[in-house]
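Okay, query-v9.csv now, which holds CSV, C-alpha atoms and all ligand atoms:
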```
chain,number,residue,atom,x,y,z
A,1,MET,CA,0.2,-11.1,33.0
A,2,LYS,CA,2.7,-13.1,35.0
A,3,THR,CA,5.0,-11.1,37.2
A,4,THR,CA,7.2,-13.5,38.9
A,5,LYS,CA,9.4,-11.3,40.9
A,6,ALA,CA,8.9,-13.5,44.0
A,7,LEU,CA,10.0,-16.6,42.1
A,8,ASN,CA,13.2,-14.9,40.9
A,9,ALA,CA,14.2,-13.2,44.1
A,10,LYS,CA,17.6,-15.0,43.7
A,11,LYS,CA,18.3,-13.8,40.2
A,12,THR,CA,21.3,-11.5,40.5
A,13,GLU,CA,22.7,-11.4,37.0
A,14,ALA,CA,21.5,-11.7,33.4
A,15,ARG,CA,24.2,-12.9,31.0
A,16,GLU,CA,24.2,-13.1,27.2
A,17,PHE,CA,27.0,-15.1,25.6
A,18,GLN,CA,27.5,-13.2,22.3
A,19,THR,CA,30.2,-15.6,21.1
A,20,ARG,CA,31.3,-18.9,22.6
A,21,ALA,CA,33.7,-17.2,25.0
A,22,SER,CA,32.6,-13.6,25.5
A,23,GLY,CA,29.4,-11.7,26.1
A,24,ILE,CA,27.6,-9.1,28.2
A,25,PHE,CA,26.1,-9.2,31.7
A,26,PHE,CA,23.7,-7.0,33.7
A,27,THR,CA,23.4,-7.1,37.4
A,28,VAL,CA,19.7,-7.5,38.2
A,29,LYS,CA,18.1,-4.9,40.5
A,30,ASP,CA,14.6,-6.2,40.0
A,31,VAL,CA,13.0,-8.9,37.9
A,32,LEU,CA,10.0,-7.1,36.5
A,33,TYR,CA,8.6,-9.8,34.3
A,34,GLU,CA,9.4,-13.4,33.5
A,35,GLY,CA,7.3,-15.7,31.4
A,36,LYS,CA,7.4,-18.3,28.7
A,37,SER,CA,5.2,-17.9,25.6
A,38,LYS,CA,4.6,-20.3,22.8
A,39,PHE,CA,7.6,-18.8,21.0
A,40,GLN,CA,10.2,-17.8,23.6
A,41,ARG,CA,11.3,-17.1,27.1
A,42,ILE,CA,10.6,-13.4,28.0
A,43,GLU,CA,12.3,-11.5,30.7
A,44,ILE,CA,12.3,-7.9,31.7
A,45,ILE,CA,14.8,-6.9,34.4
A,46,ARG,CA,15.9,-3.6,35.8
A,47,ASN,CA,19.6,-2.7,35.8
A,48,GLU,CA,21.1,0.3,37.6
A,49,ASP,CA,22.9,1.6,34.5
A,50,TYR,CA,20.7,0.5,31.6
A,51,GLY,CA,17.2,0.7,33.2
A,52,ARG,CA,14.7,-1.8,32.0
A,53,VAL,CA,16.2,-4.6,29.8
A,54,LEU,CA,14.1,-6.9,27.6
A,55,LEU,CA,15.6,-10.3,26.9
A,56,LEU,CA,14.1,-13.0,24.7
A,57,ASP,CA,15.6,-16.5,25.2
A,58,GLY,CA,18.4,-14.8,27.1
A,59,LEU,CA,19.3,-12.4,24.3
A,60,VAL,CA,19.2,-8.6,24.9
A,61,GLN,CA,16.6,-7.0,22.6
A,62,THR,CA,16.1,-3.5,24.1
A,63,THR,CA,17.5,-1.5,27.0
A,64,GLU,CA,15.9,1.7,28.2
A,65,ARG,CA,19.3,3.5,28.0
A,66,ASP,CA,20.5,2.6,24.6
A,67,GLU,CA,17.5,1.6,22.5
A,68,PHE,CA,17.3,4.9,20.8
A,69,TYR,CA,20.5,4.1,18.8
A,70,TYR,CA,18.9,1.0,17.3
A,71,HIS,CA,15.3,2.2,16.8
A,72,GLU,CA,16.3,5.6,15.3
A,73,MET,CA,18.7,3.9,12.9
A,74,LEU,CA,16.3,1.2,12.0
A,75,VAL,CA,13.5,3.6,11.2
A,76,HIS,CA,14.7,7.1,10.2
A,77,PRO,CA,17.0,6.4,7.3
A,78,ALA,CA,14.1,4.9,5.3
A,79,MET,CA,11.4,7.3,6.6
A,80,ALA,CA,13.6,10.4,6.1
A,81,ALA,CA,14.6,9.3,2.5
A,82,HIS,CA,11.0,8.6,1.4
A,83,PRO,CA,9.2,11.8,0.2
A,84,ARG,CA,5.8,11.0,1.8
A,85,PRO,CA,5.6,7.8,3.9
A,86,ALA,CA,1.9,7.6,4.6
A,87,ARG,CA,1.4,3.9,5.2
A,88,VAL,CA,4.0,2.0,7.1
A,89,LEU,CA,4.3,-1.6,8.1
A,90,ILE,CA,6.5,-2.9,11.0
A,91,ILE,CA,7.1,-6.6,11.2
A,92,GLY,CA,8.4,-7.8,14.6
A,93,GLY,CA,9.3,-5.0,17.1
A,94,GLY,CA,6.9,-6.0,19.8
A,95,ASP,CA,8.7,-3.7,22.3
A,96,GLY,CA,7.2,-0.8,20.4
A,97,GLY,CA,10.4,1.3,19.9
A,98,ALA,CA,10.2,1.2,16.1
A,99,LEU,CA,6.5,2.1,16.2
A,100,ARG,CA,7.3,5.1,18.4
A,101,GLU,CA,9.9,6.3,15.9
A,102,VAL,CA,7.6,5.8,12.9
A,103,LEU,CA,4.8,7.8,14.6
A,104,LYS,CA,7.2,10.8,14.9
A,105,HIS,CA,6.6,11.2,11.1
A,106,PRO,CA,3.3,12.5,9.7
A,107,VAL,CA,2.1,9.0,8.7
A,108,LYS,CA,-1.5,8.2,8.0
A,109,LYS,CA,-1.4,4.7,9.4
A,110,ALA,CA,1.2,2.3,10.9
A,111,TRP,CA,0.7,-1.4,11.4
A,112,LEU,CA,2.7,-3.4,14.0
A,113,VAL,CA,2.7,-7.1,13.2
A,114,GLU,CA,4.3,-9.1,16.1
A,115,ILE,CA,4.0,-12.8,16.4
A,116,ASP,CA,4.1,-13.0,20.2
A,117,GLY,CA,1.2,-11.3,22.0
A,118,GLN,CA,3.0,-12.0,25.3
A,119,VAL,CA,6.0,-9.8,24.3
A,120,ILE,CA,3.5,-7.0,23.6
A,121,GLU,CA,1.7,-7.5,26.9
A,122,ALA,CA,5.0,-7.6,28.9
A,123,CYS,CA,6.3,-4.5,27.2
A,124,ARG,CA,3.0,-2.6,27.4
A,125,GLU,CA,3.3,-3.0,31.2
A,126,HIS,CA,7.0,-2.2,31.6
A,127,PHE,CA,8.0,0.1,28.7
A,128,PRO,CA,5.9,3.3,28.9
A,129,TRP,CA,6.5,4.2,25.3
A,130,LEU,CA,4.6,1.2,24.0
A,131,ARG,CA,1.5,2.1,26.1
A,132,LYS,CA,1.6,5.6,24.6
A,133,THR,CA,2.2,4.6,21.0
A,134,LEU,CA,-0.6,2.0,21.0
A,135,LYS,CA,-3.0,4.7,22.0
A,136,ASP,CA,-2.1,6.7,18.9
A,137,GLY,CA,-5.1,6.5,16.6
A,138,ARG,CA,-2.8,5.9,13.6
A,139,ALA,CA,-1.4,2.7,15.0
A,140,GLU,CA,-2.9,-0.8,14.4
A,141,LEU,CA,-1.6,-3.8,16.3
A,142,VAL,CA,-1.8,-7.2,14.7
A,143,VAL,CA,-0.7,-10.3,16.6
A,144,ALA,CA,0.4,-12.6,13.7
A,145,ASP,CA,3.4,-14.2,12.0
A,146,GLY,CA,4.7,-11.5,9.7
A,147,ASN,CA,5.3,-14.0,6.9
A,148,VAL,CA,1.7,-15.2,7.0
A,149,PHE,CA,0.4,-11.6,7.4
A,150,ILE,CA,2.2,-10.5,4.3
A,151,ASP,CA,0.6,-13.3,2.3
A,152,LYS,CA,-2.9,-12.2,3.3
A,153,VAL,CA,-2.8,-8.5,3.6
A,154,ARG,CA,-4.4,-6.4,0.8
A,155,GLU,CA,-2.8,-3.1,1.8
A,156,THR,CA,0.4,-1.9,0.2
A,157,PHE,CA,2.9,0.2,2.0
A,158,ASP,CA,5.3,3.1,1.4
A,159,VAL,CA,7.8,1.9,4.0
A,160,ILE,CA,8.3,-1.5,5.6
A,161,ILE,CA,10.4,-2.0,8.6
A,162,VAL,CA,11.6,-5.5,9.6
A,163,ASP,CA,12.4,-5.4,13.3
A,164,SER,CA,13.1,-9.1,13.6
A,165,SER,CA,15.0,-11.2,16.1
A,166,ASP,CA,18.1,-13.1,15.1
A,167,PRO,CA,17.4,-15.8,12.5
A,168,VAL,CA,16.3,-18.6,14.8
A,169,GLY,CA,12.8,-20.0,15.4
A,170,PRO,CA,9.9,-18.0,14.0
A,171,SER,CA,12.3,-15.2,12.9
A,172,THR,CA,14.3,-17.5,10.5
A,173,ILE,CA,11.9,-16.8,7.7
A,174,LEU,CA,12.3,-13.1,8.1
A,175,HIS,CA,15.8,-13.4,6.9
A,176,GLN,CA,15.0,-15.4,3.7
A,177,GLU,CA,14.8,-14.6,0.0
A,178,SER,CA,11.2,-15.7,-0.3
A,179,PHE,CA,10.1,-13.3,2.4
A,180,TYR,CA,11.8,-10.3,0.8
A,181,ARG,CA,10.2,-11.1,-2.5
A,182,LYS,CA,6.8,-11.0,-0.8
A,183,LEU,CA,7.6,-7.8,0.9
A,184,LYS,CA,8.5,-6.2,-2.4
A,185,SER,CA,5.2,-7.2,-3.8
A,186,LYS,CA,3.5,-5.1,-1.0
A,187,LEU,CA,5.6,-2.0,-1.6
A,188,ASN,CA,4.0,1.1,-3.3
A,189,PRO,CA,6.0,2.6,-6.2
A,190,GLY,CA,9.0,4.4,-4.7
A,191,GLY,CA,8.7,2.3,-1.5
A,192,ILE,CA,11.6,1.5,0.8
A,193,ILE,CA,12.3,-1.4,3.2
A,194,ALA,CA,14.6,-1.2,6.1
A,195,ALA,CA,15.6,-4.4,8.0
A,196,GLN,CA,17.8,-5.1,10.9
A,197,ALA,CA,20.6,-7.3,9.6
A,198,GLY,CA,22.7,-8.3,12.6
A,199,SER,CA,26.1,-7.6,14.1
A,200,LEU,CA,28.8,-6.1,11.9
A,201,MET,CA,31.5,-8.5,13.1
A,202,LEU,CA,29.6,-11.6,14.1
A,203,HIS,CA,27.2,-12.0,11.2
A,204,LEU,CA,29.5,-11.4,8.2
A,205,ASP,CA,28.5,-14.6,6.4
A,206,SER,CA,24.9,-13.7,6.8
A,207,HIS,CA,25.5,-10.2,5.3
A,208,ALA,CA,27.2,-11.8,2.4
A,209,ARG,CA,24.5,-14.5,1.8
A,210,LYS,CA,21.7,-11.9,2.0
A,211,SER,CA,23.5,-9.4,-0.1
A,212,VAL,CA,23.5,-11.8,-3.1
A,213,PHE,CA,19.7,-12.5,-3.1
A,214,LEU,CA,18.8,-8.9,-2.1
A,215,LYS,CA,20.7,-7.5,-5.1
A,216,LYS,CA,18.6,-9.8,-7.3
A,217,ILE,CA,15.4,-8.4,-5.9
A,218,PHE,CA,16.1,-4.7,-5.5
A,219,ARG,CA,17.9,-2.2,-7.6
A,220,HIS,CA,19.4,-0.6,-4.5
A,221,SER,CA,20.3,-2.8,-1.5
A,222,PRO,CA,23.1,-1.2,0.5
A,223,LEU,CA,23.9,-2.1,4.1
A,224,TYR,CA,24.3,0.7,6.5
A,225,LEU,CA,25.7,0.8,10.1
A,226,GLY,CA,25.0,2.2,13.5
A,227,PRO,CA,26.3,1.6,17.0
A,228,VAL,CA,24.2,-0.2,19.6
A,229,PRO,CA,26.2,-0.5,22.8
A,230,THR,CA,24.5,-3.5,24.2
A,231,TYR,CA,24.2,-5.6,21.0
A,232,PRO,CA,27.0,-8.0,20.1
A,233,VAL,CA,30.3,-6.1,19.5
A,234,GLY,CA,28.4,-2.8,19.6
A,235,MET,CA,28.0,-2.1,15.9
A,236,TRP,CA,24.9,-3.1,14.0
A,237,CYS,CA,24.0,-3.5,10.3
A,238,TYR,CA,20.7,-2.7,8.5
A,239,ASN,CA,19.5,-3.3,4.9
A,240,PHE,CA,18.1,-0.4,2.9
A,241,LEU,CA,16.1,-1.8,0.0
A,242,SER,CA,14.4,0.0,-2.8
A,243,ASP,CA,13.9,0.0,-6.5
A,244,LYS,CA,13.6,3.7,-6.8
A,245,VAL,CA,15.4,5.3,-3.9
A,246,ASN,CA,19.2,5.2,-4.0
A,247,PRO,CA,20.1,6.6,-0.5
A,248,ALA,CA,23.2,8.2,-1.8
A,249,ASP,CA,21.2,10.4,-4.2
A,250,VAL,CA,18.6,11.6,-1.6
A,251,ARG,CA,19.1,15.4,-1.2
A,252,THR,CA,16.1,16.2,1.0
A,253,LEU,CA,15.6,14.3,4.2
A,254,TYR,CA,12.6,14.7,6.5
A,255,VAL,CA,14.0,14.5,10.1
A,256,PRO,CA,11.6,14.9,12.9
A,257,ASP,CA,12.6,17.1,15.8
A,258,GLY,CA,13.9,15.8,19.1
A,259,LEU,CA,15.9,12.7,17.9
A,260,ARG,CA,18.8,11.8,20.0
A,261,TYR,CA,21.1,10.0,17.5
A,262,PHE,CA,19.9,10.4,13.9
A,263,ASN,CA,20.6,13.5,11.7
A,264,PRO,CA,21.5,14.2,8.1
A,265,ASP,CA,25.2,13.8,8.7
A,266,ILE,CA,24.7,10.5,10.4
A,267,TYR,CA,22.5,9.4,7.5
A,268,ARG,CA,25.3,10.0,5.0
A,269,ALA,CA,28.0,8.5,7.2
A,270,ALA,CA,26.0,5.4,7.9
A,271,PHE,CA,26.4,4.1,4.4
A,272,ALA,CA,30.2,4.1,4.5
A,273,LEU,CA,31.3,0.5,5.1
A,274,PRO,CA,34.6,-0.7,6.6
A,275,ASN,CA,37.0,-2.4,4.2
A,276,PHE,CA,36.5,-5.9,5.7
A,277,LEU,CA,32.7,-5.8,5.2
A,278,ALA,CA,33.0,-4.2,1.7
A,279,ASP,CA,35.5,-6.9,0.6
A,280,LYS,CA,33.2,-9.7,2.0
A,281,LEU,CA,30.2,-8.3,0.1
A,282,ALA,CA,32.2,-7.8,-3.1
A,283,LYS,CA,33.5,-11.4,-3.0
A,284,ALA,CA,30.0,-12.8,-2.3
A,285,LYS,CA,28.6,-10.9,-5.3
A,286,ALA,CA,31.4,-12.1,-7.5
A,287,LYS,CA,30.8,-15.8,-6.9
B,1,LIG,N1,16.0,-5.8,17.0
B,1,LIG,C1,16.0,-6.5,18.2
B,1,LIG,C2,17.3,-7.4,18.2
B,1,LIG,O1,17.9,-7.6,17.2
B,1,LIG,O2,17.7,-7.7,19.3
B,1,LIG,C3,14.8,-7.3,18.3
B,1,LIG,C4,13.6,-6.5,18.3
B,1,LIG,S1,12.1,-7.2,18.5
B,1,LIG,C5,11.9,-7.4,20.2
B,1,LIG,C6,12.0,-8.7,17.7
B,1,LIG,C7,10.6,-9.3,17.7
B,1,LIG,O3,10.3,-10.0,16.5
B,1,LIG,C8,10.3,-10.2,18.9
B,1,LIG,O4,9.4,-9.6,19.7
B,1,LIG,C9,9.7,-11.5,18.2
B,1,LIG,O5,8.7,-12.1,18.9
B,1,LIG,C10,9.3,-10.9,16.8
B,1,LIG,N2,9.2,-11.9,15.8
B,1,LIG,C11,10.0,-13.0,15.6
B,1,LIG,N3,9.6,-13.7,14.5
B,1,LIG,C12,8.5,-13.1,14.0
B,1,LIG,C13,7.6,-13.3,12.9
B,1,LIG,N4,7.8,-14.4,12.1
B,1,LIG,N5,6.6,-12.4,12.7
B,1,LIG,C14,6.4,-11.3,13.5
B,1,LIG,N6,7.2,-11.1,14.6
B,1,LIG,C15,8.2,-11.9,14.8
```

Please rewrite the model in this file as C-alpha cells.
Ligand code: SAM
Amino acid sequence: MKTTKALNAKKTEAREFQTRASGIFFTVKDVLYEGKSKFQRIEIIRNEDYGRVLLLDGLVQTTERDEFYYHEMLVHPAMAAHPRPARVLIIGGGDGGALREVLKHPVKKAWLVEIDGQVIEACREHFPWLRKTLKDGRAELVVADGNVFIDKVRETFDVIIVDSSDPVGPSTILHQESFYRKLKSKLNPGGIIAAQAGSLMLHLDSHARKSVFLKKIFRHSPLYLGPVPTYPVGMWCYNFLSDKVNPADVRTLYVPDGLRYFNPDIYRAAFALPNFLADKLAKAKAK
C-alpha cells in the first residue's frame, strides 16, 4: 500500500474534463492514496463536500456522498425484478459499492471480479464498506480480467452486474458484442444482466451502437436512467438485459430495507426515456 500524502502535499484540486471544454473539480482536503497500477492511475482524495473520492486515470468513479445513486440503480432494478437471485456475478466494481448493494439481498453467493488488485487494496483501506462486504461469507473476490474469467468459469448466475469503467483500456471489451454473448451463456434461465452504459448526453452514439447488438442477443434490452450528480452531465444510463424478464411486466419487486434512492416508483419511472434518446435508439435500430 503506497500512501503518498507527503508527495502530494501541494495537490489542491482534482479536475475531470468531462467534455473538451467543461468538467467537474474537487478541492483536495487530503490525498489519501495515490498509486499507479499496471492498468491505471489510482487516486483517493478527500473533499469537504463529497468526502472520499476515487479517481481512476483522473476520472471520478465514486464519491462517498453520491455513490448510492449509482450503486443502487446499477444493482437493484435487476435484483428486485428477479424472483430469486441466489448466485450473482459482478464484473469490475473494485470499489465494492455494487457488492455491498447485492449483499443486501438474500443471495447465496456473490463473486466480485475486478482486474486491478490495487484498486481493491486502495478502496479496502479508504472505503469502509468494502472492508465490511469482503468479510461477508457469501462474497468471493477474484482478481482477474472479467472477459477472461467468463471464458473459464463453470458457474452460472441468476444476475450479472457489469460495473465497468468507460470503454478505454481493459474495459473496452466489457462494452463489446462478443462479451455480452459470453455473459448470456453464463446466465441461468430467467437470468438478468445489468450494465452501466455511460452518460445520457455524452454517450448517445455508444447507446445507439450497443442497442443494435444487444437487441440481437436478448429478447428484452431496454435502457434505464438514474441521476449521478458527479458523473458527466449528471444523468446516467444502464442496460437491463434478459430473455425472460421484461421489466415493464414485473409486478412484484423485492426491495431491501434502508435504501436511500431506489424504490418501486423509481423502478417504473427509470425506464421512461427522453425523446432525444428514444429517437436515437429508434433510428439506430432502423438502419
Ligand atoms: N461505474 C464507475 C464509473 O463509471 O465511473 C466505475 C466503477 S468501477 C471502479 C470500474 C472498475 O472496472 C475499475 O476498478 C476497473 O479496474 C475495473 N475494470 C476495468 N476493466 C476490467 C475488466 N476487463 N475486468 C474486470 N474489471 C475491470

Could you list, as a PyMOL selection string, every residue within 7 Å of Ser221 of chain A, counting all atoms listed in the file and ignoring same-chain residues fewer than 4 positions away? chain A and resi 214-215+239-242

Check every protein, DNA and RNA residue against ligand LIG 1 (chain B), keep those with an atom at most 6 Å away (counting only C-alpha atoms and all ligand atoms), and present them as a PDB file with C-alpha atoms, keeping the file's coordinate frame.
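Saved file pocket.pdb follows:
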```
ATOM      1  CA  VAL A  60      19.200  -8.600  24.900  1.00  0.00           C
ATOM      2  CA  GLN A  61      16.600  -7.000  22.600  1.00  0.00           C
ATOM      3  CA  ILE A  91       7.100  -6.600  11.200  1.00  0.00           C
ATOM      4  CA  GLY A  92       8.400  -7.800  14.600  1.00  0.00           C
ATOM      5  CA  GLY A  93       9.300  -5.000  17.100  1.00  0.00           C
ATOM      6  CA  GLY A  94       6.900  -6.000  19.800  1.00  0.00           C
ATOM      7  CA  ASP A  95       8.700  -3.700  22.300  1.00  0.00           C
ATOM      8  CA  VAL A 113       2.700  -7.100  13.200  1.00  0.00           C
ATOM      9  CA  GLU A 114       4.300  -9.100  16.100  1.00  0.00           C
ATOM     10  CA  ILE A 115       4.000 -12.800  16.400  1.00  0.00           C
ATOM     11  CA  ASP A 116       4.100 -13.000  20.200  1.00  0.00           C
ATOM     12  CA  VAL A 119       6.000  -9.800  24.300  1.00  0.00           C
ATOM     13  CA  ASP A 145       3.400 -14.200  12.000  1.00  0.00           C
ATOM     14  CA  GLY A 146       4.700 -11.500   9.700  1.00  0.00           C
ATOM     15  CA  ASN A 147       5.300 -14.000   6.900  1.00  0.00           C
ATOM     16  CA  ASP A 163      12.400  -5.400  13.300  1.00  0.00           C
ATOM     17  CA  SER A 164      13.100  -9.100  13.600  1.00  0.00           C
ATOM     18  CA  SER A 165      15.000 -11.200  16.100  1.00  0.00           C
ATOM     19  CA  ASP A 166      18.100 -13.100  15.100  1.00  0.00           C
ATOM     20  CA  PRO A 170       9.900 -18.000  14.000  1.00  0.00           C
ATOM     21  CA  SER A 171      12.300 -15.200  12.900  1.00  0.00           C
TER      22      SER A 171
END
```

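For the choices A:Phe39, A:Ile150, A:His220, A:Arg138, the atom-to-atom distance to Ala194 of chain A is smallest for A:His220 when using all atoms listed in the file.
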
List as a list in words: which residues have an atom within 12 Å of (29.9, -9.4, -4.7), counting all atoms listed in the file? His207, Ala208, Arg209, Lys210, Ser211, Val212, Phe213, Leu214, Lys215, Lys216, Pro222, Leu277, Ala278, Asp279, Lys280, Leu281, Ala282, Lys283, Ala284, Lys285, Ala286 and Lys287 of chain A

Filtering to C-alpha atoms, could you give me those residues as a CSV table (one decimal), in the frame of the given file?
```csv
chain,number,residue,atom,x,y,z
A,207,HIS,CA,25.5,-10.2,5.3
A,208,ALA,CA,27.2,-11.8,2.4
A,209,ARG,CA,24.5,-14.5,1.8
A,210,LYS,CA,21.7,-11.9,2.0
A,211,SER,CA,23.5,-9.4,-0.1
A,212,VAL,CA,23.5,-11.8,-3.1
A,213,PHE,CA,19.7,-12.5,-3.1
A,214,LEU,CA,18.8,-8.9,-2.1
A,215,LYS,CA,20.7,-7.5,-5.1
A,216,LYS,CA,18.6,-9.8,-7.3
A,222,PRO,CA,23.1,-1.2,0.5
A,277,LEU,CA,32.7,-5.8,5.2
A,278,ALA,CA,33.0,-4.2,1.7
A,279,ASP,CA,35.5,-6.9,0.6
A,280,LYS,CA,33.2,-9.7,2.0
A,281,LEU,CA,30.2,-8.3,0.1
A,282,ALA,CA,32.2,-7.8,-3.1
A,283,LYS,CA,33.5,-11.4,-3.0
A,284,ALA,CA,30.0,-12.8,-2.3
A,285,LYS,CA,28.6,-10.9,-5.3
A,286,ALA,CA,31.4,-12.1,-7.5
A,287,LYS,CA,30.8,-15.8,-6.9
```

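Computed from the coordinates, the atom CA of Thr156 of chain A to atom CA of Arg181 of chain A distance equals 13.7 Å.
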
Among A:Glu16, A:Asp243, A:Asp265, A:Glu125, Leu55 of chain A is approached most closely, using all atoms listed in the file, by A:Glu16

For Leu89 of chain A, find every residue with an atom within 7 Å (counting only C-alpha atoms), except residues of its own chain fewer than 6 positions away, and show them as a short mmCIF file (atom, residue, chain, number, x, y, z; two decimals) with C-alpha atoms, keeping the file's coordinate frame.
```cif
data_model
loop_
_atom_site.label_atom_id
_atom_site.label_comp_id
_atom_site.auth_asym_id
_atom_site.auth_seq_id
_atom_site.Cartn_x
_atom_site.Cartn_y
_atom_site.Cartn_z
CA ALA A 110 1.20 2.30 10.90
CA TRP A 111 0.70 -1.40 11.40
CA LEU A 112 2.70 -3.40 14.00
CA PHE A 157 2.90 0.20 2.00
CA VAL A 159 7.80 1.90 4.00
CA ILE A 160 8.30 -1.50 5.60
CA ILE A 161 10.40 -2.00 8.60
#
```

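Considering the residues A:Leu174, A:Leu130, A:Cys123, A:Met201 and counting all atoms listed in the file, Val233 of chain A has its shortest atom-to-atom contact with A:Met201.
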
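Nearest residue to Glu101 of chain A among A:Phe262, A:Tyr224, A:Phe127, A:Tyr238 is A:Phe262, counting all atoms listed in the file.
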
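Taking atom CA of Pro264 of chain A and atom CA of Tyr69 of chain A as endpoints, the distance between them is 14.7 Å.
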
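Of the residues under consideration (A:Lys152, A:Thr27, A:Tyr33, A:Val53), A:Tyr33 shows the shortest atom-to-atom contact distance to Glu121 of chain A when counting only C-alpha atoms.
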
Exercise: Leu225 of chain A partners within 7 Å, only C-alpha atoms, chain neighbours under 4 positions left out, as a PyMOL selection string: chain A and resi 235-238+270-271
